[in-house]
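Source file: structure-v7.cif (mmCIF, C-alpha atoms, pLDDT in the B column; chains and numbers go by the auth columns)
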data_protein
#
loop_
_atom_site.group_PDB
_atom_site.id
_atom_site.type_symbol
_atom_site.label_atom_id
_atom_site.label_comp_id
_atom_site.label_asym_id
_atom_site.label_seq_id
_atom_site.Cartn_x
_atom_site.Cartn_y
_atom_site.Cartn_z
_atom_site.B_iso_or_equiv
_atom_site.auth_seq_id
_atom_site.auth_asym_id
ATOM 1 C CA MET A 1 -53.894 -42.271 37.124 52.00 1 A
ATOM 2 C CA ALA A 2 -53.449 -42.698 33.407 52.00 2 A
ATOM 3 C CA LEU A 3 -52.914 -39.682 31.222 51.00 3 A
ATOM 4 C CA PRO A 4 -55.306 -38.916 28.422 54.00 4 A
ATOM 5 C CA SER A 5 -54.485 -40.519 25.110 57.00 5 A
ATOM 6 C CA SER A 6 -53.772 -37.225 23.381 64.00 6 A
ATOM 7 C CA LEU A 7 -51.424 -35.999 26.157 62.00 7 A
ATOM 8 C CA SER A 8 -49.558 -39.309 26.448 61.00 8 A
ATOM 9 C CA SER A 9 -49.020 -39.464 22.685 62.00 9 A
ATOM 10 C CA ALA A 10 -47.694 -35.920 22.788 58.00 10 A
ATOM 11 C CA PHE A 11 -45.138 -36.863 25.471 54.00 11 A
ATOM 12 C CA ARG A 12 -44.103 -39.972 23.537 60.00 12 A
ATOM 13 C CA SER A 13 -43.467 -37.908 20.413 59.00 13 A
ATOM 14 C CA LEU A 14 -40.954 -35.735 22.257 55.00 14 A
ATOM 15 C CA SER A 15 -37.334 -36.717 21.747 53.00 15 A
ATOM 16 C CA LEU A 16 -34.334 -35.181 23.440 52.00 16 A
ATOM 17 C CA THR A 17 -31.768 -36.652 21.054 52.00 17 A
ATOM 18 C CA GLY A 18 -33.490 -36.014 17.752 52.00 18 A
ATOM 19 C CA SER A 19 -34.002 -32.256 18.154 52.00 19 A
ATOM 20 C CA LYS A 20 -31.491 -29.936 16.469 57.00 20 A
ATOM 21 C CA ARG A 21 -30.870 -26.337 17.375 56.00 21 A
ATOM 22 C CA SER A 22 -31.317 -23.774 14.626 60.00 22 A
ATOM 23 C CA PHE A 23 -28.650 -21.531 16.142 56.00 23 A
ATOM 24 C CA SER A 24 -25.089 -21.823 17.375 60.00 24 A
ATOM 25 C CA THR A 25 -23.558 -20.488 20.569 65.00 25 A
ATOM 26 C CA THR A 26 -20.049 -20.237 19.099 63.00 26 A
ATOM 27 C CA ARG A 27 -19.050 -16.772 17.951 65.00 27 A
ATOM 28 C CA PRO A 28 -18.298 -16.389 14.223 65.00 28 A
ATOM 29 C CA THR A 29 -14.665 -15.923 13.300 66.00 29 A
ATOM 30 C CA GLN A 30 -13.688 -12.428 12.242 68.00 30 A
ATOM 31 C CA LYS A 31 -12.762 -12.045 8.599 74.00 31 A
ATOM 32 C CA LEU A 32 -9.416 -10.589 7.673 73.00 32 A
ATOM 33 C CA PRO A 33 -9.666 -7.147 6.037 71.00 33 A
ATOM 34 C CA LYS A 34 -8.853 -7.113 2.336 79.00 34 A
ATOM 35 C CA MET A 35 -6.314 -4.649 1.020 79.00 35 A
ATOM 36 C CA PRO A 36 -7.246 -2.779 -2.181 80.00 36 A
ATOM 37 C CA ASP A 37 -5.204 -3.546 -5.278 80.00 37 A
ATOM 38 C CA TYR A 38 -3.822 0.003 -5.561 82.00 38 A
ATOM 39 C CA ILE A 39 -2.139 -0.226 -2.125 84.00 39 A
ATOM 40 C CA PRO A 40 1.253 -1.993 -1.939 85.00 40 A
ATOM 41 C CA PRO A 41 1.079 -5.362 -0.162 87.00 41 A
ATOM 42 C CA TYR A 42 1.763 -5.420 3.551 89.00 42 A
ATOM 43 C CA PRO A 43 5.315 -6.780 4.100 89.00 43 A
ATOM 44 C CA TYR A 44 4.241 -8.795 7.147 89.00 44 A
ATOM 45 C CA GLU A 45 1.399 -11.250 7.629 87.00 45 A
ATOM 46 C CA PRO A 46 -1.820 -10.166 9.363 87.00 46 A
ATOM 47 C CA ASN A 47 -2.489 -11.359 12.881 85.00 47 A
ATOM 48 C CA TYR A 48 -4.361 -14.670 12.584 86.00 48 A
ATOM 49 C CA MET A 49 -4.439 -15.440 16.320 84.00 49 A
ATOM 50 C CA PHE A 50 -5.947 -12.105 17.444 85.00 50 A
ATOM 51 C CA ARG A 51 -7.841 -10.894 14.378 87.00 51 A
ATOM 52 C CA GLN A 52 -9.341 -7.953 16.203 87.00 52 A
ATOM 53 C CA SER A 53 -5.934 -6.239 16.061 88.00 53 A
ATOM 54 C CA ASN A 54 -6.208 -6.005 12.253 89.00 54 A
ATOM 55 C CA THR A 55 -8.939 -3.366 12.588 90.00 55 A
ATOM 56 C CA GLY A 56 -7.035 -0.750 14.596 91.00 56 A
ATOM 57 C CA LEU A 57 -3.707 0.445 15.992 93.00 57 A
ATOM 58 C CA TYR A 58 -2.901 -2.082 18.716 92.00 58 A
ATOM 59 C CA GLY A 59 0.856 -1.496 18.860 89.00 59 A
ATOM 60 C CA GLY A 60 1.604 -5.209 18.778 87.00 60 A
ATOM 61 C CA ALA A 61 -0.548 -5.893 21.873 88.00 61 A
ATOM 62 C CA THR A 62 -2.439 -9.170 21.981 87.00 62 A
ATOM 63 C CA ILE A 63 -4.241 -11.405 24.487 89.00 63 A
ATOM 64 C CA GLN A 64 -1.993 -12.581 27.340 89.00 64 A
ATOM 65 C CA PHE A 65 -2.548 -15.953 29.019 90.00 65 A
ATOM 66 C CA GLY A 66 -1.445 -16.961 32.499 90.00 66 A
ATOM 67 C CA ASN A 67 -2.515 -18.339 35.864 89.00 67 A
ATOM 68 C CA LYS A 68 -4.543 -16.889 38.708 87.00 68 A
ATOM 69 C CA ILE A 69 -2.830 -17.826 41.983 85.00 69 A
ATOM 70 C CA SER A 70 -5.132 -18.279 44.959 83.00 70 A
ATOM 71 C CA GLN A 71 -3.679 -17.067 48.278 79.00 71 A
ATOM 72 C CA GLY A 72 -6.495 -18.303 50.489 74.00 72 A
ATOM 73 C CA ARG A 73 -7.244 -21.670 52.018 73.00 73 A
ATOM 74 C CA ASN A 74 -7.695 -23.364 48.632 71.00 74 A
ATOM 75 C CA GLU A 75 -4.313 -22.659 47.123 75.00 75 A
ATOM 76 C CA GLY A 76 -4.073 -23.447 43.445 80.00 76 A
ATOM 77 C CA LYS A 77 -3.830 -22.134 39.917 84.00 77 A
ATOM 78 C CA THR A 78 -6.635 -21.162 37.588 86.00 78 A
ATOM 79 C CA ARG A 79 -6.047 -20.396 33.920 89.00 79 A
ATOM 80 C CA ARG A 80 -7.049 -16.904 32.876 90.00 80 A
ATOM 81 C CA PHE A 81 -6.339 -14.322 30.191 90.00 81 A
ATOM 82 C CA TRP A 82 -5.822 -10.559 29.936 90.00 82 A
ATOM 83 C CA LYS A 83 -7.252 -8.559 27.048 90.00 83 A
ATOM 84 C CA PRO A 84 -5.502 -5.385 25.811 90.00 84 A
ATOM 85 C CA ASN A 85 -6.845 -2.044 26.981 91.00 85 A
ATOM 86 C CA VAL A 86 -8.570 -0.902 23.776 91.00 86 A
ATOM 87 C CA ARG A 87 -10.242 2.488 23.355 90.00 87 A
ATOM 88 C CA ARG A 88 -11.930 4.234 20.441 92.00 88 A
ATOM 89 C CA LYS A 89 -10.332 7.662 20.295 92.00 89 A
ATOM 90 C CA LYS A 90 -10.584 10.680 18.009 93.00 90 A
ATOM 91 C CA MET A 91 -7.142 11.478 16.569 92.00 91 A
ATOM 92 C CA TRP A 92 -6.173 14.505 14.469 92.00 92 A
ATOM 93 C CA SER A 93 -4.179 14.016 11.270 91.00 93 A
ATOM 94 C CA GLU A 94 -2.250 17.043 9.996 91.00 94 A
ATOM 95 C CA ALA A 95 -1.769 15.530 6.544 91.00 95 A
ATOM 96 C CA LEU A 96 -5.404 14.530 6.026 90.00 96 A
ATOM 97 C CA GLN A 97 -6.712 17.637 7.840 90.00 97 A
ATOM 98 C CA GLN A 98 -9.456 15.706 9.624 91.00 98 A
ATOM 99 C CA PHE A 99 -10.245 13.793 12.786 93.00 99 A
ATOM 100 C CA LEU A 100 -10.104 9.995 12.616 92.00 100 A
ATOM 101 C CA PHE A 101 -11.964 7.683 14.985 93.00 101 A
ATOM 102 C CA ILE A 102 -9.501 4.841 15.555 93.00 102 A
ATOM 103 C CA LYS A 103 -9.458 1.819 17.824 93.00 103 A
ATOM 104 C CA LEU A 104 -6.135 1.854 19.649 92.00 104 A
ATOM 105 C CA THR A 105 -4.551 0.580 22.817 93.00 105 A
ATOM 106 C CA ARG A 106 -3.014 2.620 25.595 92.00 106 A
ATOM 107 C CA LYS A 107 0.380 1.343 24.488 92.00 107 A
ATOM 108 C CA ALA A 108 -0.119 2.685 20.950 93.00 108 A
ATOM 109 C CA LEU A 109 -1.497 5.979 22.297 93.00 109 A
ATOM 110 C CA ARG A 110 1.604 6.541 24.429 94.00 110 A
ATOM 111 C CA THR A 111 3.815 5.826 21.415 93.00 111 A
ATOM 112 C CA ILE A 112 1.821 8.256 19.237 94.00 112 A
ATOM 113 C CA ARG A 113 2.182 11.029 21.817 93.00 113 A
ATOM 114 C CA LYS A 114 5.882 10.278 22.176 94.00 114 A
ATOM 115 C CA SER A 115 6.370 10.398 18.394 92.00 115 A
ATOM 116 C CA GLY A 116 4.728 13.831 18.154 91.00 116 A
ATOM 117 C CA GLY A 117 1.441 12.948 16.489 91.00 117 A
ATOM 118 C CA LEU A 118 -0.421 10.397 14.425 92.00 118 A
ATOM 119 C CA ASP A 119 1.335 11.247 11.142 92.00 119 A
ATOM 120 C CA GLN A 120 4.820 10.941 12.652 93.00 120 A
ATOM 121 C CA TYR A 121 3.842 7.603 14.183 94.00 121 A
ATOM 122 C CA LEU A 122 2.594 6.242 10.856 93.00 122 A
ATOM 123 C CA LEU A 123 5.483 7.545 8.721 91.00 123 A
ATOM 124 C CA ASP A 124 8.223 5.939 10.820 91.00 124 A
ATOM 125 C CA ASP A 125 10.004 3.501 8.481 88.00 125 A
ATOM 126 C CA ARG A 126 11.707 1.293 11.055 90.00 126 A
ATOM 127 C CA PRO A 127 10.891 -2.416 10.624 91.00 127 A
ATOM 128 C CA ALA A 128 9.605 -2.712 14.197 91.00 128 A
ATOM 129 C CA ARG A 129 7.191 0.181 13.652 92.00 129 A
ATOM 130 C CA ILE A 130 5.973 -1.220 10.316 91.00 130 A
ATOM 131 C CA LYS A 131 5.333 -4.578 11.975 91.00 131 A
ATOM 132 C CA GLU A 132 3.362 -3.092 14.867 91.00 132 A
ATOM 133 C CA LEU A 133 1.201 -0.964 12.537 91.00 133 A
ATOM 134 C CA GLY A 134 -0.611 -4.017 11.223 90.00 134 A
ATOM 135 C CA VAL A 135 -2.891 -4.098 8.206 91.00 135 A
ATOM 136 C CA PHE A 136 -5.014 -1.160 9.367 92.00 136 A
ATOM 137 C CA GLY A 137 -2.006 1.037 10.094 92.00 137 A
ATOM 138 C CA TRP A 138 -0.380 0.106 6.781 92.00 138 A
ATOM 139 C CA LYS A 139 -3.475 1.246 4.863 92.00 139 A
ATOM 140 C CA LEU A 140 -3.708 4.465 6.892 93.00 140 A
ATOM 141 C CA ARG A 141 0.010 5.084 6.329 93.00 141 A
ATOM 142 C CA TRP A 142 -0.489 4.862 2.550 92.00 142 A
ATOM 143 C CA GLN A 143 -3.361 7.371 2.700 92.00 143 A
ATOM 144 C CA VAL A 144 -1.192 9.825 4.639 92.00 144 A
ATOM 145 C CA MET A 145 1.722 9.422 2.224 91.00 145 A
ATOM 146 C CA GLN A 146 -0.466 10.303 -0.780 90.00 146 A
ATOM 147 C CA THR A 147 -1.416 13.753 0.547 90.00 147 A
ATOM 148 C CA ASP A 148 0.083 16.877 -1.042 90.00 148 A
ATOM 149 C CA LYS A 149 1.729 17.963 2.215 90.00 149 A
ATOM 150 C CA ILE A 150 3.669 14.728 2.675 88.00 150 A
ATOM 151 C CA GLN A 151 4.534 14.539 -1.033 89.00 151 A
ATOM 152 C CA GLU A 152 6.028 18.043 -0.789 89.00 152 A
ATOM 153 C CA GLN A 153 8.087 16.938 2.219 88.00 153 A
ATOM 154 C CA PHE A 154 9.397 13.976 0.233 88.00 154 A
ATOM 155 C CA ARG A 155 10.206 16.281 -2.699 89.00 155 A
ATOM 156 C CA GLN A 156 12.203 18.636 -0.473 89.00 156 A
ATOM 157 C CA GLU A 157 14.014 15.688 1.105 88.00 157 A
ATOM 158 C CA ARG A 158 14.997 14.279 -2.299 88.00 158 A
ATOM 159 C CA LYS A 159 16.205 17.717 -3.379 88.00 159 A
ATOM 160 C CA ARG A 160 18.316 18.063 -0.234 88.00 160 A
ATOM 161 C CA LEU A 161 19.869 14.620 -0.719 87.00 161 A
ATOM 162 C CA GLY A 162 20.366 15.098 -4.461 87.00 162 A
ATOM 163 C CA LEU A 163 18.145 12.173 -5.431 84.00 163 A
ATOM 164 C CA PRO A 164 16.308 12.084 -8.783 85.00 164 A
ATOM 165 C CA GLU A 165 12.581 12.541 -8.972 81.00 165 A
ATOM 166 C CA PRO A 166 10.597 9.297 -9.188 79.00 166 A
ATOM 167 C CA PRO A 167 8.878 8.575 -12.522 77.00 167 A
ATOM 168 C CA SER A 168 5.217 9.331 -12.997 73.00 168 A
ATOM 169 C CA PHE A 169 2.641 6.582 -12.967 67.00 169 A
ATOM 170 C CA GLU A 170 2.454 6.411 -16.778 77.00 170 A
ATOM 171 C CA GLU A 171 6.246 6.239 -17.051 81.00 171 A
ATOM 172 C CA TRP A 172 6.373 3.563 -14.380 76.00 172 A
ATOM 173 C CA VAL A 173 3.770 1.464 -16.234 78.00 173 A
ATOM 174 C CA LYS A 174 5.725 1.734 -19.506 85.00 174 A
ATOM 175 C CA GLN A 175 8.950 0.785 -17.714 85.00 175 A
ATOM 176 C CA LYS A 176 7.313 -2.262 -16.125 84.00 176 A
ATOM 177 C CA GLU A 177 5.836 -3.370 -19.454 87.00 177 A
ATOM 178 C CA SER A 178 9.232 -3.125 -21.154 88.00 178 A
ATOM 179 C CA GLU A 179 10.873 -5.086 -18.322 88.00 179 A
ATOM 180 C CA ILE A 180 8.244 -7.843 -18.529 88.00 180 A
ATOM 181 C CA LYS A 181 8.575 -7.980 -22.313 88.00 181 A
ATOM 182 C CA ALA A 182 12.371 -8.248 -22.096 88.00 182 A
ATOM 183 C CA GLN A 183 12.094 -10.996 -19.468 86.00 183 A
ATOM 184 C CA VAL A 184 9.676 -12.979 -21.643 87.00 184 A
ATOM 185 C CA GLU A 185 11.970 -12.675 -24.666 84.00 185 A
ATOM 186 C CA LYS A 186 14.903 -13.805 -22.565 83.00 186 A
ATOM 187 C CA ASP A 187 13.071 -16.846 -21.190 82.00 187 A
ATOM 188 C CA THR A 188 11.580 -17.984 -24.503 82.00 188 A
ATOM 189 C CA ASN A 189 14.322 -16.747 -26.870 70.00 189 A
ATOM 190 C CA ILE A 190 11.597 -15.322 -29.123 56.00 190 A
ATOM 191 C CA LYS A 191 11.993 -11.868 -30.555 53.00 191 A
ATOM 192 C CA GLU A 192 9.777 -9.872 -32.809 51.00 192 A
ATOM 193 C CA ILE A 193 10.374 -10.622 -36.489 51.00 193 A
ATOM 194 C CA THR A 194 10.710 -7.443 -38.494 52.00 194 A
ATOM 195 C CA LYS A 195 10.190 -7.495 -42.228 54.00 195 A
ATOM 196 C CA PRO A 196 13.320 -6.498 -44.178 57.00 196 A
ATOM 197 C CA THR A 197 13.117 -3.380 -46.276 58.00 197 A
ATOM 198 C CA TYR A 198 14.397 -3.623 -49.834 56.00 198 A
ATOM 199 C CA ASN A 199 15.596 -0.790 -52.019 57.00 199 A
ATOM 200 C CA GLU A 200 15.428 -0.628 -55.766 51.00 200 A
ATOM 201 C CA LYS A 201 19.234 -1.099 -55.953 51.00 201 A
ATOM 202 C CA ASN A 202 18.941 -4.601 -54.512 52.00 202 A
ATOM 203 C CA TYR A 203 17.103 -5.882 -57.625 48.00 203 A
#

Just dump the structure as structure tokens.
Amino acid sequence: MALPSSLSSAFRSLSLTGSKRSFSTTRPTQKLPKMPDYIPPYPYEPNYMFRQSNTGLYGGATIQFGNKISQGRNEGKTRRFWKPNVRRKKMWSEALQQFLFIKLTRKALRTIRKSGGLDQYLLDDRPARIKELGVFGWKLRWQVMQTDKIQEQFRQERKRLGLPEPPSFEEWVKQKESEIKAQVEKDTNIKEITKPTYNEKNY
């Protein structure tokens, strides 16, 4: 039985190869968080392989890859992966005097409890600790260090060790400008030309 002309023409107009999907099934890549200009640059690179770790305290944990070994009749290996155990937990900061909702792993949580609190965990200056903080931890560390309580601790520590007080921000800016100016004069061998002053006795 022949199909009606309108229905057959409709089937002929369909094409499986010419149609394009208006959506994609691939997940978009996560963007790396940008550090503000007033925060010192992070000494280590952000995690490009597991970008989710740049948004919380992961303690250096990342996705682990391995094999699933079958013990039954069909013995063999199947590739699989293990994601870190991530939780969103409310942590108290003594310096900031507020609760912070942070994404962290069980590994980082154990280290925080062992260190004595969130502030002690962030203020540890060992290279391994700085590296495991990541971009998020580095930014949070800077916020904790700018509080009055931590600044007073640093002031007492400098006084105990006999170290001089650091310059203020205005003094630091003037010092940097003078250093840059001296470096430019050294590289170009150009100095400011000052007009000579003449006295009446010279005539």

Let me make sure I understand: among A:Arg113, A:Lys159, A:Lys107, A:Arg129, which one has the smallest atom-to-atom distance to A:Trp92 if we use all atoms listed in the file? A:Arg113

Using only C-alpha atoms: which of A:Pro164, A:Phe101, A:Pro43, A:Ser53 has the shortest distance to A:Pro127: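 Of A:Pro164, A:Phe101, A:Pro43, A:Ser53, the one nearest A:Pro127, counting only C-alpha atoms, is A:Pro43.
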
Given the file shown, determine the residues that the PyMOL selection byres ((chain A and resi 112) around 12) selects; report them as a list in words.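 Evaluating the PyMOL selection byres ((chain A and resi 112) around 12) on these coordinates yields Leu57, Tyr58, Gly59, Met91, Trp92, Ser93, Leu104, Thr105, Arg106, Lys107, Ala108, Leu109, Arg110, Thr111, Arg113, Lys114, Ser115, Gly116, Gly117, Leu118, Asp119, Gln120, Tyr121, Leu122, Leu123, Asp124, Arg129 and Leu133 of chain A.
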
Would you place a box with edges along x, y and z of the file around all atoms of stretch 71-76 of chain A listed there, add 5 Å to each of its six sides, and report the centre and edge lengths in Å to one decimal, as JSON?
{"center_x": -5.7, "center_y": -20.3, "center_z": 47.7, "size_x": 14.0, "size_y": 16.4, "size_z": 18.6}

Here atom CA of A:Gly162 and atom CA of A:Thr147 stand apart by 22.4 Å

Rounded to one decimal, what separation in Å do you get between atom CA of A:Ala61 and atom CA of A:Thr78?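 Separation between atom CA of A:Ala61 and atom CA of A:Thr78: 22.7 Å.
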
Applied to this file, what does the PyMOL selection byres ((chain A and resi 42) around 7) return in terms of residues, put as a VMD selection string? chain A and resid 40 to 41 43 to 44 135 138

So that I have them on file, write out the residues from the current selection with C-alpha atoms, as a tab-separated table (two decimals), in the coordinates of the input.
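Output contents, as saved in out31.tsv:
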chain	number	residue	atom	x	y	z
A	40	PRO	CA	1.25	-1.99	-1.94
A	41	PRO	CA	1.08	-5.36	-0.16
A	43	PRO	CA	5.32	-6.78	4.10
A	44	TYR	CA	4.24	-8.80	7.15
A	135	VAL	CA	-2.89	-4.10	8.21
A	138	TRP	CA	-0.38	0.11	6.78

Kindly complete stretch 121-132 of chain A to all heavy atoms; the output should be written as a JSON list (two decimals), in the coordinates of the input.
[["chain", "number", "residue", "atom", "x", "y", "z"],
["A", 121, "TYR", "N", 3.88, 9.01, 13.78],
["A", 121, "TYR", "CA", 3.84, 7.60, 14.18],
["A", 121, "TYR", "C", 3.68, 6.69, 12.97],
["A", 121, "TYR", "O", 4.33, 5.64, 12.88],
["A", 121, "TYR", "CB", 2.69, 7.40, 15.17],
["A", 121, "TYR", "CG", 2.43, 5.96, 15.55],
["A", 121, "TYR", "CD1", 3.23, 5.31, 16.48],
["A", 121, "TYR", "CD2", 1.37, 5.26, 14.97],
["A", 121, "TYR", "CE1", 2.99, 3.99, 16.83],
["A", 121, "TYR", "CE2", 1.12, 3.94, 15.32],
["A", 121, "TYR", "CZ", 1.93, 3.31, 16.24],
["A", 121, "TYR", "OH", 1.70, 2.00, 16.58],
["A", 122, "LEU", "N", 2.84, 7.08, 12.03],
["A", 122, "LEU", "CA", 2.59, 6.24, 10.86],
["A", 122, "LEU", "C", 3.74, 6.27, 9.86],
["A", 122, "LEU", "O", 4.00, 5.28, 9.18],
["A", 122, "LEU", "CB", 1.30, 6.69, 10.16],
["A", 122, "LEU", "CG", 0.00, 6.52, 10.95],
["A", 122, "LEU", "CD1", -1.15, 7.19, 10.22],
["A", 122, "LEU", "CD2", -0.30, 5.05, 11.18],
["A", 123, "LEU", "N", 4.45, 7.40, 9.74],
["A", 123, "LEU", "CA", 5.48, 7.54, 8.72],
["A", 123, "LEU", "C", 6.84, 7.03, 9.17],
["A", 123, "LEU", "O", 7.79, 7.09, 8.37],
["A", 123, "LEU", "CB", 5.61, 9.02, 8.32],
["A", 123, "LEU", "CG", 4.39, 9.62, 7.63],
["A", 123, "LEU", "CD1", 4.60, 11.10, 7.37],
["A", 123, "LEU", "CD2", 4.10, 8.88, 6.33],
["A", 124, "ASP", "N", 6.95, 6.52, 10.38],
["A", 124, "ASP", "CA", 8.22, 5.94, 10.82],
["A", 124, "ASP", "C", 8.49, 4.68, 10.00],
["A", 124, "ASP", "O", 7.64, 3.80, 9.89],
["A", 124, "ASP", "CB", 8.15, 5.60, 12.30],
["A", 124, "ASP", "CG", 9.53, 5.35, 12.89],
["A", 124, "ASP", "OD1", 10.48, 5.14, 12.11],
["A", 124, "ASP", "OD2", 9.65, 5.35, 14.13],
["A", 125, "ASP", "N", 9.70, 4.61, 9.40],
["A", 125, "ASP", "CA", 10.00, 3.50, 8.48],
["A", 125, "ASP", "C", 10.86, 2.41, 9.11],
["A", 125, "ASP", "O", 11.43, 1.59, 8.40],
["A", 125, "ASP", "CB", 10.71, 4.03, 7.23],
["A", 125, "ASP", "CG", 11.98, 4.81, 7.57],
["A", 125, "ASP", "OD1", 12.22, 5.05, 8.77],
["A", 125, "ASP", "OD2", 12.73, 5.18, 6.63],
["A", 126, "ARG", "N", 10.96, 2.37, 10.42],
["A", 126, "ARG", "CA", 11.71, 1.29, 11.06],
["A", 126, "ARG", "C", 10.93, -0.02, 10.95],
["A", 126, "ARG", "O", 9.69, -0.01, 10.99],
["A", 126, "ARG", "CB", 11.97, 1.63, 12.53],
["A", 126, "ARG", "CG", 12.98, 2.75, 12.73],
["A", 126, "ARG", "CD", 13.14, 3.05, 14.20],
["A", 126, "ARG", "NE", 11.92, 3.59, 14.78],
["A", 126, "ARG", "CZ", 11.79, 3.92, 16.05],
["A", 126, "ARG", "NH1", 12.81, 3.76, 16.88],
["A", 126, "ARG", "NH2", 10.65, 4.41, 16.51],
["A", 127, "PRO", "N", 11.61, -1.14, 10.78],
["A", 127, "PRO", "CA", 10.89, -2.42, 10.62],
["A", 127, "PRO", "C", 9.99, -2.75, 11.81],
["A", 127, "PRO", "O", 8.90, -3.30, 11.62],
["A", 127, "PRO", "CB", 12.02, -3.45, 10.46],
["A", 127, "PRO", "CG", 13.18, -2.66, 9.95],
["A", 127, "PRO", "CD", 13.06, -1.30, 10.57],
["A", 128, "ALA", "N", 10.44, -2.42, 13.02],
["A", 128, "ALA", "CA", 9.60, -2.71, 14.20],
["A", 128, "ALA", "C", 8.31, -1.91, 14.17],
["A", 128, "ALA", "O", 7.24, -2.41, 14.54],
["A", 128, "ALA", "CB", 10.39, -2.43, 15.47],
["A", 129, "ARG", "N", 8.40, -0.65, 13.72],
["A", 129, "ARG", "CA", 7.19, 0.18, 13.65],
["A", 129, "ARG", "C", 6.26, -0.32, 12.55],
["A", 129, "ARG", "O", 5.04, -0.35, 12.73],
["A", 129, "ARG", "CB", 7.59, 1.64, 13.41],
["A", 129, "ARG", "CG", 6.41, 2.59, 13.25],
["A", 129, "ARG", "CD", 5.54, 2.64, 14.49],
["A", 129, "ARG", "NE", 6.31, 2.89, 15.69],
["A", 129, "ARG", "CZ", 6.73, 4.11, 16.08],
["A", 129, "ARG", "NH1", 6.42, 5.18, 15.35],
["A", 129, "ARG", "NH2", 7.41, 4.27, 17.19],
["A", 130, "ILE", "N", 6.81, -0.70, 11.41],
["A", 130, "ILE", "CA", 5.97, -1.22, 10.32],
["A", 130, "ILE", "C", 5.26, -2.49, 10.76],
["A", 130, "ILE", "O", 4.08, -2.71, 10.44],
["A", 130, "ILE", "CB", 6.83, -1.49, 9.07],
["A", 130, "ILE", "CG1", 7.46, -0.20, 8.55],
["A", 130, "ILE", "CG2", 6.00, -2.14, 7.98],
["A", 130, "ILE", "CD1", 6.48, 0.82, 8.06],
["A", 131, "LYS", "N", 5.94, -3.33, 11.53],
["A", 131, "LYS", "CA", 5.33, -4.58, 11.98],
["A", 131, "LYS", "C", 4.22, -4.33, 12.99],
["A", 131, "LYS", "O", 3.21, -5.04, 13.00],
["A", 131, "LYS", "CB", 6.41, -5.48, 12.58],
["A", 131, "LYS", "CG", 5.93, -6.89, 12.85],
["A", 131, "LYS", "CD", 7.08, -7.79, 13.26],
["A", 131, "LYS", "CE", 6.61, -9.22, 13.46],
["A", 131, "LYS", "NZ", 7.72, -10.13, 13.83],
["A", 132, "GLU", "N", 4.38, -3.33, 13.85],
["A", 132, "GLU", "CA", 3.36, -3.09, 14.87],
["A", 132, "GLU", "C", 2.19, -2.29, 14.33],
["A", 132, "GLU", "O", 1.13, -2.24, 14.97],
["A", 132, "GLU", "CB", 3.97, -2.38, 16.08],
["A", 132, "GLU", "CG", 4.06, -0.89, 15.99],
["A", 132, "GLU", "CD", 4.56, -0.26, 17.28],
["A", 132, "GLU", "OE1", 5.44, -0.84, 17.94],
["A", 132, "GLU", "OE2", 4.07, 0.82, 17.62]]
